[in-house]
Amino acid sequence: MTEPYSVAVIPGDLNGITVTNAALAVADAARPFLTRPLVHTQLPYGADYFLERGITQLGPAELEKLARHDQIFLGAIGDPTKIKPGVLEIGILLKVRQAFDQYVNLRPVVLPQGVPSVLVGKGPEEINFEICRENSEGLYVGIGRVENAGTEDEVGIQEMHCSYRGVKRLAEFAEQRARARKRRETPTIHFVFKTNVLTYASSPWLKVFEEFQGKPDLSVKYMHVDNFGMQMLTHPEQFDVVVIENMFGDIMTDIGAVLQGGIGTAVSGNINPTGAYPSMFEPVHGTAPDKWYEKRDGMWVHNPELMQQMRPEAAILAYAMMLEQMGEVRAAEKMTQAALANIRNPGYGQMPLDTLVENACRALEREAA
Ligand code: IPM
Ligand code: MN
């Protein structure tokens, strides 16, 4: 008997749970396409878990539990009626990204065939690139201070840490992606930063950029992040693989999500390419409290009807990205096609969540039969 894959599943909160259930149902229907059995272990990390224990971060016990799995699938976290926004994001998401050294955040920007483009004259041919967002340092190291708090002289200071090793390993990953994508005759990497202003933090970025320019059969370019934002909208076809600082990447990948069909289709792979720790896959979107709660008599009440407006495709596509990283390309492709069939459906916007999940499952079952 082959050893089964073991996947830790963190549904999280609100619609994180909804889309996780959806993705797992579709993943079940894709089982016939796997080369090995796969076991899910659900872990209840989210608002209630933190409240019950009075914690603000996952501790060593939780991390150790997670580390025992091959991969992690995460729905979305955050419930503003229970915990102040920011706590779970830092205590779960950033904690896992950093503790497991998931130094690449892979966010493809690929407009599928048959999905309307928001850019005039730019379709699936033009919108097809990958953003490799630095995922372990930059402005996300959480180092800083508030000076003279509460006075007119208050100053908030947040440090941006960019290490040579950090940029280099990210760029190496991007190089591999660019060569494997084979989208262009000469694979192309754009380094995106803000060297004209962030003169200290840019030092390692420039050093790695210069080193990469010496590589054979690789086109290596640099772009300031403000220009990059503009170029993504005017000439997206010039991009193949992009390497970008953590915070800049956070911002630009939301724009990327819109280019490829909306935030409901965008996926995020938090990857540790060394395999020393599991990687973690998630939709880019959050828990959508507005599609979960409704205010009645000043109270937040869950409304299951609102939930039907939620789109499960980003979660399904994130699960597929996880399978692809595991080498299960056939099952990944089948799940991707099932999600895309929903998105391409002319009635997509009006279809209830349950129907979308049904359709995706039925499509996979038909294929497997
Ligand atoms: C994302 C999110 C996170 C980030 C937040 C929730 C911490 O916006 O994954 O893009 O900033 O990385
Ligand atoms: Mn973000």
# chains A, B, ... in the order shown; residues from 1 in each chain; ligands from 1
$ residues_around --residues "Glu130 of chain A" --least-positions-apart "5" --cutoff "12 Å" --atoms "only C-alpha atoms" --output "MDAnalysis selection string"
chainID A and resid 104:111 173:178 180:181 183 188:190 232 236:244 249 252:253 256:257 260 266:269
$ residues_around --residues "Met351 of chain A" --least-positions-apart "2" --cutoff "12 Å" --atoms "only C-alpha atoms" --output "list in words"
Met307, Gln308, Gln309, Met310, Arg311, Pro312, Asn342, Ile343, Arg344, Asn345, Pro346, Gly347, Tyr348, Gly349, Leu353, Asp354, Thr355, Leu356, Val357, Glu358 and Asn359 of chain A
$ write_last_selection --atoms "C-alpha atoms" --output "PDB file, in the first residue's frame"
ATOM      1  CA  MET A 307     -23.703  32.847   1.926  1.00  0.00           C
ATOM      2  CA  GLN A 308     -25.070  31.594  -1.381  1.00  0.00           C
ATOM      3  CA  GLN A 309     -23.470  34.630  -3.027  1.00  0.00           C
ATOM      4  CA  MET A 310     -20.037  33.366  -2.049  1.00  0.00           C
ATOM      5  CA  ARG A 311     -17.899  31.991  -4.909  1.00  0.00           C
ATOM      6  CA  PRO A 312     -15.917  28.802  -4.131  1.00  0.00           C
ATOM      7  CA  ASN A 342     -18.317  27.598 -13.428  1.00  0.00           C
ATOM      8  CA  ILE A 343     -16.587  30.918 -14.025  1.00  0.00           C
ATOM      9  CA  ARG A 344     -17.264  30.694 -17.749  1.00  0.00           C
ATOM     10  CA  ASN A 345     -20.952  29.957 -17.256  1.00  0.00           C
ATOM     11  CA  PRO A 346     -22.894  33.018 -18.535  1.00  0.00           C
ATOM     12  CA  GLY A 347     -25.179  32.841 -15.487  1.00  0.00           C
ATOM     13  CA  TYR A 348     -22.210  32.646 -13.076  1.00  0.00           C
ATOM     14  CA  GLY A 349     -22.966  35.844 -11.170  1.00  0.00           C
ATOM     15  CA  LEU A 353     -22.977  28.604  -4.118  1.00  0.00           C
ATOM     16  CA  ASP A 354     -24.601  25.172  -3.722  1.00  0.00           C
ATOM     17  CA  THR A 355     -25.187  24.941  -7.469  1.00  0.00           C
ATOM     18  CA  LEU A 356     -21.589  25.903  -8.241  1.00  0.00           C
ATOM     19  CA  VAL A 357     -20.290  23.148  -5.953  1.00  0.00           C
ATOM     20  CA  GLU A 358     -22.777  20.639  -7.383  1.00  0.00           C
ATOM     21  CA  ASN A 359     -21.794  21.482 -10.939  1.00  0.00           C
TER      22      ASN A 359
END
$ atom_distance --atom1 "atom CA of Val39 of chain A" --atom2 "atom CA of Gly59 of chain A"
23.9 Å
$ select_by_dssp --residues "segment 9-53 of chain A" --states "strand (DSSP E)" --output "VMD selection string"
chain A and resid 9 to 12 38 to 42
$ write_last_selection --atoms "C-alpha atoms" --output "short mmCIF file (atom, residue, chain, number, x, y, z; two decimals), in the first residue's frame"
data_model
loop_
_atom_site.label_atom_id
_atom_site.label_comp_id
_atom_site.auth_asym_id
_atom_site.auth_seq_id
_atom_site.Cartn_x
_atom_site.Cartn_y
_atom_site.Cartn_z
CA VAL A 9 -6.87 21.70 6.50
CA ILE A 10 -7.48 24.98 8.32
CA PRO A 11 -10.97 26.10 7.30
CA GLY A 12 -10.64 29.24 9.48
CA LEU A 38 -4.91 11.53 0.35
CA VAL A 39 -6.00 12.16 3.93
CA HIS A 40 -7.33 15.47 5.26
CA THR A 41 -6.91 16.46 8.90
CA GLN A 42 -9.02 19.44 9.91
#
$ atom_distance --atom1 "atom CA of Asn270 of chain A" --atom2 "atom CA of Ile83 of chain A"
24.2 Å
$ atom_distance --atom1 "atom CA of Arg53 of chain A" --atom2 "atom CA of Leu88 of chain A"
13.2 Å
